[in-house]
$ cat data_34.txt   # compact mmCIF, C-alpha atoms and all ligand atoms
# COMPACT_ATOMS: atom_id res chain seq x y z
CA MET A 1 -23.89 38.46 20.51
CA ALA A 2 -25.28 37.76 17.07
CA LEU A 3 -27.55 35.01 18.41
CA ARG A 4 -28.94 37.35 21.02
CA ALA A 5 -29.81 39.90 18.34
CA VAL A 6 -31.58 37.24 16.31
CA ASP A 7 -33.56 36.16 19.39
CA ASP A 8 -34.65 39.73 20.09
CA HIS A 9 -35.62 40.18 16.47
CA ALA A 10 -37.75 37.00 16.60
CA ALA A 11 -39.43 38.04 19.82
CA VAL A 12 -40.52 41.40 18.45
CA PHE A 13 -41.94 39.84 15.31
CA ALA A 14 -43.80 37.23 17.34
CA GLU A 15 -45.27 39.89 19.61
CA ALA A 16 -46.37 42.09 16.71
CA SER A 17 -47.87 39.24 14.74
CA GLY A 18 -49.73 37.92 17.77
CA ARG A 19 -51.50 41.25 18.13
CA TRP A 20 -52.50 41.44 14.49
CA ASN A 21 -53.45 37.77 14.31
CA GLU A 22 -56.14 38.37 16.89
CA GLN A 23 -57.62 41.35 15.10
CA LEU A 24 -57.44 40.05 11.56
CA MET A 25 -57.98 36.34 12.01
CA ASP A 26 -61.26 36.46 10.10
CA GLN A 27 -59.69 38.23 7.17
CA VAL A 28 -56.47 36.27 6.65
CA SER A 29 -55.79 33.68 9.31
CA GLY A 30 -52.45 33.20 11.05
CA VAL A 31 -50.26 35.81 9.35
CA GLU A 32 -46.81 36.12 10.91
CA LEU A 33 -43.47 37.68 10.07
CA VAL A 34 -40.78 35.17 10.99
CA VAL A 35 -36.99 35.18 11.13
CA VAL A 36 -35.35 33.73 8.02
CA ASP A 37 -33.39 30.86 9.54
CA GLU A 38 -31.98 28.14 7.25
CA ALA A 39 -35.19 26.05 7.25
CA VAL A 40 -37.33 29.10 6.46
CA LEU A 41 -34.81 30.18 3.82
CA ASP A 42 -35.14 26.82 2.04
CA GLU A 43 -38.91 27.26 1.96
CA LEU A 44 -38.64 30.86 0.85
CA VAL A 45 -36.31 29.96 -2.04
CA ALA A 46 -38.68 27.16 -3.10
CA VAL A 47 -41.64 29.57 -3.15
CA ALA A 48 -39.70 32.33 -4.91
CA THR A 49 -38.38 30.08 -7.67
CA THR A 50 -41.73 28.39 -8.36
CA ASP A 51 -44.26 31.16 -7.70
CA ALA A 52 -42.67 34.58 -8.30
CA ALA A 53 -40.90 36.31 -11.15
CA PRO A 54 -37.17 36.67 -10.49
CA ASP A 55 -37.13 40.48 -10.79
CA GLU A 56 -39.98 40.75 -8.25
CA VAL A 57 -37.74 39.16 -5.62
CA THR A 58 -34.17 40.25 -6.44
CA PRO A 59 -32.61 43.07 -8.44
CA PRO A 60 -32.24 42.34 -12.18
CA LEU A 61 -29.52 39.68 -12.35
CA GLY A 62 -29.92 38.19 -15.81
CA GLU A 63 -32.41 35.74 -17.23
CA GLY A 64 -34.54 33.62 -14.93
CA TRP A 65 -33.84 31.86 -11.66
CA THR A 66 -30.20 31.02 -12.33
CA PRO A 67 -28.06 29.34 -9.62
CA ASP A 68 -26.29 32.70 -9.15
CA ARG A 69 -29.56 34.48 -8.52
CA VAL A 70 -30.70 31.84 -6.01
CA GLU A 71 -27.37 32.16 -4.23
CA TRP A 72 -27.77 35.96 -4.19
CA LEU A 73 -31.19 35.53 -2.53
CA ARG A 74 -29.80 33.17 0.11
CA ALA A 75 -26.88 35.50 0.88
CA PHE A 76 -29.20 38.52 1.04
CA HIS A 77 -31.22 36.99 3.88
CA ARG A 78 -28.27 35.37 5.67
CA LEU A 79 -26.33 38.64 5.78
CA ARG A 80 -29.30 40.42 7.41
CA ARG A 81 -30.03 37.87 10.14
CA THR A 82 -28.66 40.07 12.88
CA GLY A 83 -31.08 42.82 11.85
CA PHE A 84 -30.41 46.38 12.96
CA ALA A 85 -28.06 45.13 15.68
CA GLY A 86 -25.60 44.23 12.93
CA GLY A 87 -26.36 46.74 10.17
CA GLU A 88 -28.96 48.92 8.54
CA GLU A 89 -31.42 46.29 7.34
CA GLU A 90 -33.44 43.29 8.45
CA THR A 91 -35.60 40.81 6.63
CA ALA A 92 -38.43 38.47 7.61
CA ALA A 93 -40.46 35.82 5.85
CA ILE A 94 -44.24 36.01 5.64
CA ARG A 95 -45.91 32.89 7.01
CA VAL A 96 -49.64 32.25 6.57
CA GLY A 97 -51.18 29.24 8.27
CA GLY A 98 -47.74 27.63 8.59
CA ARG A 99 -46.67 28.21 4.95
CA ILE A 100 -44.04 30.67 3.75
CA VAL A 101 -45.61 32.91 1.09
CA GLY A 102 -43.19 35.82 0.64
CA ALA A 103 -40.78 38.15 2.37
CA VAL A 104 -40.32 41.68 3.66
CA ARG A 105 -37.38 43.90 4.40
CA LEU A 106 -36.84 47.05 6.42
CA HIS A 107 -33.92 49.30 5.59
CA ARG A 108 -32.50 52.48 7.15
CA SER A 109 -31.56 54.09 3.87
CA SER A 110 -30.03 57.34 5.07
CA PRO A 111 -28.16 58.34 8.23
CA GLN A 112 -29.57 61.86 7.65
CA THR A 113 -33.11 60.58 8.22
CA PRO A 114 -32.82 57.96 10.99
CA ASP A 115 -36.56 58.24 11.74
CA ALA A 116 -37.45 56.83 8.31
CA LEU A 117 -37.32 53.13 7.44
CA GLU A 118 -37.82 51.94 3.89
CA SER A 119 -39.85 48.77 3.36
CA GLY A 120 -39.98 46.18 0.62
CA ILE A 121 -42.39 43.28 0.15
CA TRP A 122 -43.02 40.45 -2.29
CA LEU A 123 -45.74 37.81 -2.16
CA ALA A 124 -45.99 34.51 -4.03
CA ALA A 125 -48.16 35.08 -7.11
CA SER A 126 -50.78 32.60 -5.90
CA TRP A 127 -51.27 34.68 -2.73
CA ARG A 128 -51.79 38.02 -4.46
CA GLY A 129 -55.08 39.81 -4.92
CA ARG A 130 -56.55 38.71 -1.56
CA GLY A 131 -55.64 41.73 0.51
CA LEU A 132 -52.78 39.93 2.27
CA SER A 133 -50.43 42.89 1.73
CA ALA A 134 -52.69 45.04 3.94
CA VAL A 135 -52.08 42.70 6.88
CA VAL A 136 -48.37 42.44 6.13
CA LEU A 137 -47.96 46.22 5.78
CA ARG A 138 -49.61 46.65 9.19
CA LEU A 139 -47.11 44.20 10.68
CA ILE A 140 -44.20 46.01 9.03
CA ALA A 141 -45.50 49.37 10.26
CA GLU A 142 -45.76 47.99 13.80
CA ARG A 143 -42.26 46.59 13.62
CA ALA A 144 -40.85 49.90 12.29
CA ALA A 145 -42.64 51.88 15.00
CA ALA A 146 -41.46 49.46 17.69
CA ILE A 147 -37.83 50.13 16.77
CA GLY A 148 -38.30 53.90 16.81
CA ALA A 149 -39.21 54.93 13.28
CA SER A 150 -41.79 57.64 12.73
CA ARG A 151 -42.08 57.15 8.96
CA LEU A 152 -42.33 54.01 6.83
CA THR A 153 -41.37 54.63 3.22
CA ALA A 154 -41.43 52.59 0.02
CA ARG A 155 -40.36 53.02 -3.57
CA THR A 156 -41.83 51.36 -6.60
CA THR A 157 -42.34 51.96 -10.29
CA ALA A 158 -45.22 54.03 -11.69
CA THR A 159 -46.40 50.93 -13.58
CA ASN A 160 -46.73 48.77 -10.43
CA ALA A 161 -50.46 49.35 -9.90
CA PRO A 162 -50.93 46.55 -7.31
CA ALA A 163 -48.12 47.94 -5.14
CA ILE A 164 -49.39 51.54 -5.37
CA ALA A 165 -52.95 50.41 -4.55
CA ALA A 166 -51.74 48.32 -1.59
CA LEU A 167 -49.61 51.18 -0.22
CA ARG A 168 -52.41 53.70 -0.65
CA ARG A 169 -54.83 51.39 1.20
CA ALA A 170 -52.28 51.10 4.00
CA GLY A 171 -52.51 54.86 4.48
CA ALA A 172 -49.50 55.95 2.44
CA ILE A 173 -49.15 59.36 0.88
CA ILE A 174 -48.11 58.65 -2.71
CA ARG A 175 -45.77 60.94 -4.61
CA HIS A 176 -44.90 60.48 -8.30
CA ASP A 177 -41.27 61.58 -8.47
CA ASP A 178 -41.15 61.35 -12.25
CA ASP A 179 -42.79 59.29 -15.02
CA ARG A 180 -41.19 56.10 -13.77
CA SER A 181 -40.86 56.14 -10.00
CA VAL A 182 -43.22 56.47 -7.06
CA TYR A 183 -42.40 57.28 -3.45
CA ALA A 184 -44.80 56.32 -0.64
CA GLU A 185 -44.76 57.39 2.98
CA ILE A 186 -46.80 56.17 5.95
CA LEU A 187 -46.70 58.23 9.16
CA LEU A 188 -46.28 56.00 12.21
CA ASP A 189 -46.72 58.43 15.08
CA ASP A 190 -49.96 56.85 16.31
CA ARG A 191 -48.38 53.39 16.31
CA ARG A 192 -45.31 54.16 18.40
CA PRO A 193 -45.14 52.49 21.81
C1 LIG B 201 -47.55 44.49 -4.50
C2 LIG B 201 -48.07 43.28 -3.73
C3 LIG B 201 -47.26 43.10 -2.47
C4 LIG B 201 -49.55 43.56 -3.40
O1 LIG B 201 -49.99 42.51 -2.56
P1 LIG B 201 -51.50 41.94 -2.59
O2 LIG B 201 -51.78 41.27 -1.31
O3 LIG B 201 -51.67 41.14 -3.83
O4 LIG B 201 -52.32 43.26 -2.67
P2 LIG B 201 -53.88 43.39 -2.71
O5 LIG B 201 -54.55 42.05 -2.71
O6 LIG B 201 -54.26 44.37 -1.66
O7 LIG B 201 -54.10 44.02 -4.13
C5 LIG B 201 -53.64 45.33 -4.38
C6 LIG B 201 -54.23 45.78 -5.68
O8 LIG B 201 -53.62 45.08 -6.75
C7 LIG B 201 -54.61 44.42 -7.52
N1 LIG B 201 -54.02 43.12 -7.90
C8 LIG B 201 -53.58 42.19 -7.07
N2 LIG B 201 -53.08 41.16 -7.77
C9 LIG B 201 -53.24 41.48 -9.05
C10 LIG B 201 -52.94 40.83 -10.25
N3 LIG B 201 -52.36 39.62 -10.28
N4 LIG B 201 -53.22 41.46 -11.39
C11 LIG B 201 -53.77 42.67 -11.38
N5 LIG B 201 -54.10 43.34 -10.26
C12 LIG B 201 -53.83 42.73 -9.12
C13 LIG B 201 -55.79 44.27 -6.61
O9 LIG B 201 -56.98 44.20 -7.34
C14 LIG B 201 -55.71 45.53 -5.78
O10 LIG B 201 -56.24 46.61 -6.48
P3 LIG B 201 -57.47 47.45 -5.90
O11 LIG B 201 -57.00 48.10 -4.63
O12 LIG B 201 -57.75 48.44 -6.95
O13 LIG B 201 -58.54 46.44 -5.66
C15 LIG B 201 -47.99 41.99 -4.59
O14 LIG B 201 -48.71 42.22 -5.78
C16 LIG B 201 -46.58 41.57 -4.94
O15 LIG B 201 -45.94 40.85 -4.18
N6 LIG B 201 -46.06 42.00 -6.12
C17 LIG B 201 -44.73 41.63 -6.58
C18 LIG B 201 -43.63 42.36 -5.83
C19 LIG B 201 -43.86 43.85 -5.76
O16 LIG B 201 -44.19 44.49 -6.74
N7 LIG B 201 -43.63 44.41 -4.57
C20 LIG B 201 -43.84 45.80 -4.27
C21 LIG B 201 -42.59 46.58 -4.33
S1 LIG B 201 -42.80 48.12 -3.42
$ encode --input "data_34.txt" --output "structure tokens"
Amino acid sequence: MALRAVDDHAAVFAEASGRWNEQLMDQVSGVELVVVDEAVLDELVAVATTDAAPDEVTPPLGEGWTPDRVEWLRAFHRLRRTGFAGGEEETAAIRVGGRIVGAVRLHRSSPQTPDALESGIWLAASWRGRGLSAVVLRLIAERAAAIGASRLTARTTATNAPAIAALRRAGAIIRHDDDRSVYAEILLDDRRP
């Protein structure tokens, strides 16, 4: 049962990325969202620990990339492999031209708002500033719409200018909840199958 869910999850990502690859090949070639199997997880951990700040990838868990934090990251992705078939969250790795360069997650944060899925994204530092998040956010939006969501949301801090700029460019309405936190919402109605 679990394997079947993983297969379905992979198929949807492959379908979505194929569509966007065609349209955006000139901009950023070969961008895909792929299932985090053990081989991909090894690559993802290697990229995270060498090319991203720990708190950009995991919640604050002490100083640096400790063994505990790496184990937390592995468990986070393993526990979400069955996607929405097995819970309220799924993750995928971002692959560009065959290399893993970051990860995304989609989370149904509230049973009261089942039409809304919250997204998260991190890219390796060496891949930032090239507009890659625009392609990835399109893929996430397609994935969210394909599984029935009508709103894609995100939360970040008011000081995270790159994230706010990337979300705004992806069509998000940005709301400053207070001095420290920002809520973003992208309407998906025109992307639903
Ligand atoms: C947020 C993030 C996904 C944006 O991805 P990206 O592909 O680099 O985004 P873009 O290339 O479209 O750049 C977005 C904006 O940030 C700016 N930017 C990108 N990298 C930057 C850097 N290292 N320093 C300063 N500004 C930077 C860009 O100039 C752009 O601003 P503009 O729209 O005014 O030109 C990426 O920076 C990241 O992974 N950050 C760490 C994790 C994180 O904060 N995730 C978001 C949580 S919601």
$ closest_residue --input "data_34.txt" --among "A:Leu188, A:Leu139, A:Ala124, A:Ala116" --to "Ala52 in chain A" --atoms "all atoms listed in the file"
A:Ala124
$ residues_near_ligand --input "data_34.txt" --ligand "ligand LIG 201 (chain B)" --cutoff "10 Å" --atoms "only C-alpha atoms and all ligand atoms" --output "compact mmCIF listing (two decimals) with C-alpha atoms, keeping the file's coordinate frame"
# COMPACT_ATOMS: atom_id res chain seq x y z
CA ALA A 52 -42.67 34.58 -8.30
CA ALA A 53 -40.90 36.31 -11.15
CA PRO A 54 -37.17 36.67 -10.49
CA ASP A 55 -37.13 40.48 -10.79
CA GLU A 56 -39.98 40.75 -8.25
CA VAL A 57 -37.74 39.16 -5.62
CA THR A 58 -34.17 40.25 -6.44
CA VAL A 101 -45.61 32.91 1.09
CA GLY A 102 -43.19 35.82 0.64
CA ALA A 103 -40.78 38.15 2.37
CA VAL A 104 -40.32 41.68 3.66
CA GLU A 118 -37.82 51.94 3.89
CA SER A 119 -39.85 48.77 3.36
CA GLY A 120 -39.98 46.18 0.62
CA ILE A 121 -42.39 43.28 0.15
CA TRP A 122 -43.02 40.45 -2.29
CA LEU A 123 -45.74 37.81 -2.16
CA ALA A 124 -45.99 34.51 -4.03
CA ALA A 125 -48.16 35.08 -7.11
CA SER A 126 -50.78 32.60 -5.90
CA TRP A 127 -51.27 34.68 -2.73
CA ARG A 128 -51.79 38.02 -4.46
CA GLY A 129 -55.08 39.81 -4.92
CA ARG A 130 -56.55 38.71 -1.56
CA GLY A 131 -55.64 41.73 0.51
CA LEU A 132 -52.78 39.93 2.27
CA SER A 133 -50.43 42.89 1.73
CA ALA A 134 -52.69 45.04 3.94
CA VAL A 135 -52.08 42.70 6.88
CA VAL A 136 -48.37 42.44 6.13
CA LEU A 137 -47.96 46.22 5.78
CA THR A 153 -41.37 54.63 3.22
CA ALA A 154 -41.43 52.59 0.02
CA ARG A 155 -40.36 53.02 -3.57
CA THR A 156 -41.83 51.36 -6.60
CA THR A 157 -42.34 51.96 -10.29
CA THR A 159 -46.40 50.93 -13.58
CA ASN A 160 -46.73 48.77 -10.43
CA ALA A 161 -50.46 49.35 -9.90
CA PRO A 162 -50.93 46.55 -7.31
CA ALA A 163 -48.12 47.94 -5.14
CA ILE A 164 -49.39 51.54 -5.37
CA ALA A 165 -52.95 50.41 -4.55
CA ALA A 166 -51.74 48.32 -1.59
CA LEU A 167 -49.61 51.18 -0.22
CA ARG A 168 -52.41 53.70 -0.65
CA ARG A 169 -54.83 51.39 1.20
CA ALA A 170 -52.28 51.10 4.00
CA VAL A 182 -43.22 56.47 -7.06
CA TYR A 183 -42.40 57.28 -3.45
CA ALA A 184 -44.80 56.32 -0.64
$ atom_distance --input "data_34.txt" --atom1 "CA of Gly98 in chain A" --atom2 "CA of Ile147 in chain A"
25.9 Å
$ residues_around --input "data_34.txt" --residues "Asp189 in chain A" --least-positions-apart "4" --cutoff "10 Å" --atoms "all atoms listed in the file" --output "PDB file with C-alpha atoms, keeping the file's coordinate frame"
ATOM      1  CA  ALA A 145     -42.640  51.880  15.000  1.00  0.00           C
ATOM      2  CA  GLY A 148     -38.300  53.900  16.810  1.00  0.00           C
ATOM      3  CA  ALA A 149     -39.210  54.930  13.280  1.00  0.00           C
ATOM      4  CA  SER A 150     -41.790  57.640  12.730  1.00  0.00           C
ATOM      5  CA  ARG A 151     -42.080  57.150   8.960  1.00  0.00           C
ATOM      6  CA  PRO A 193     -45.140  52.490  21.810  1.00  0.00           C
TER       7      PRO A 193
END
$ atom_distance --input "data_34.txt" --atom1 "CA of Ala48 in chain A" --atom2 "CA of His77 in chain A"
13.1 Å
$ axis_aligned_box --input "data_34.txt" --around "range 113-121 of chain A" --padding-each-side "5 Å" --output "lines of an AutoDock Vina configuration file"
center_x = -37.6
center_y = 51.9
center_z = 5.9
size_x = 19.6
size_y = 27.3
size_z = 21.6
$ atom_distance --input "data_34.txt" --atom1 "CA of Leu41 in chain A" --atom2 "CA of Ala93 in chain A"
8.2 Å
$ closest_residue --input "data_34.txt" --among "A:Asp179, A:Val36, A:Leu117, A:Pro60" --to "Trp72 in chain A" --atoms "all atoms listed in the file"
A:Pro60
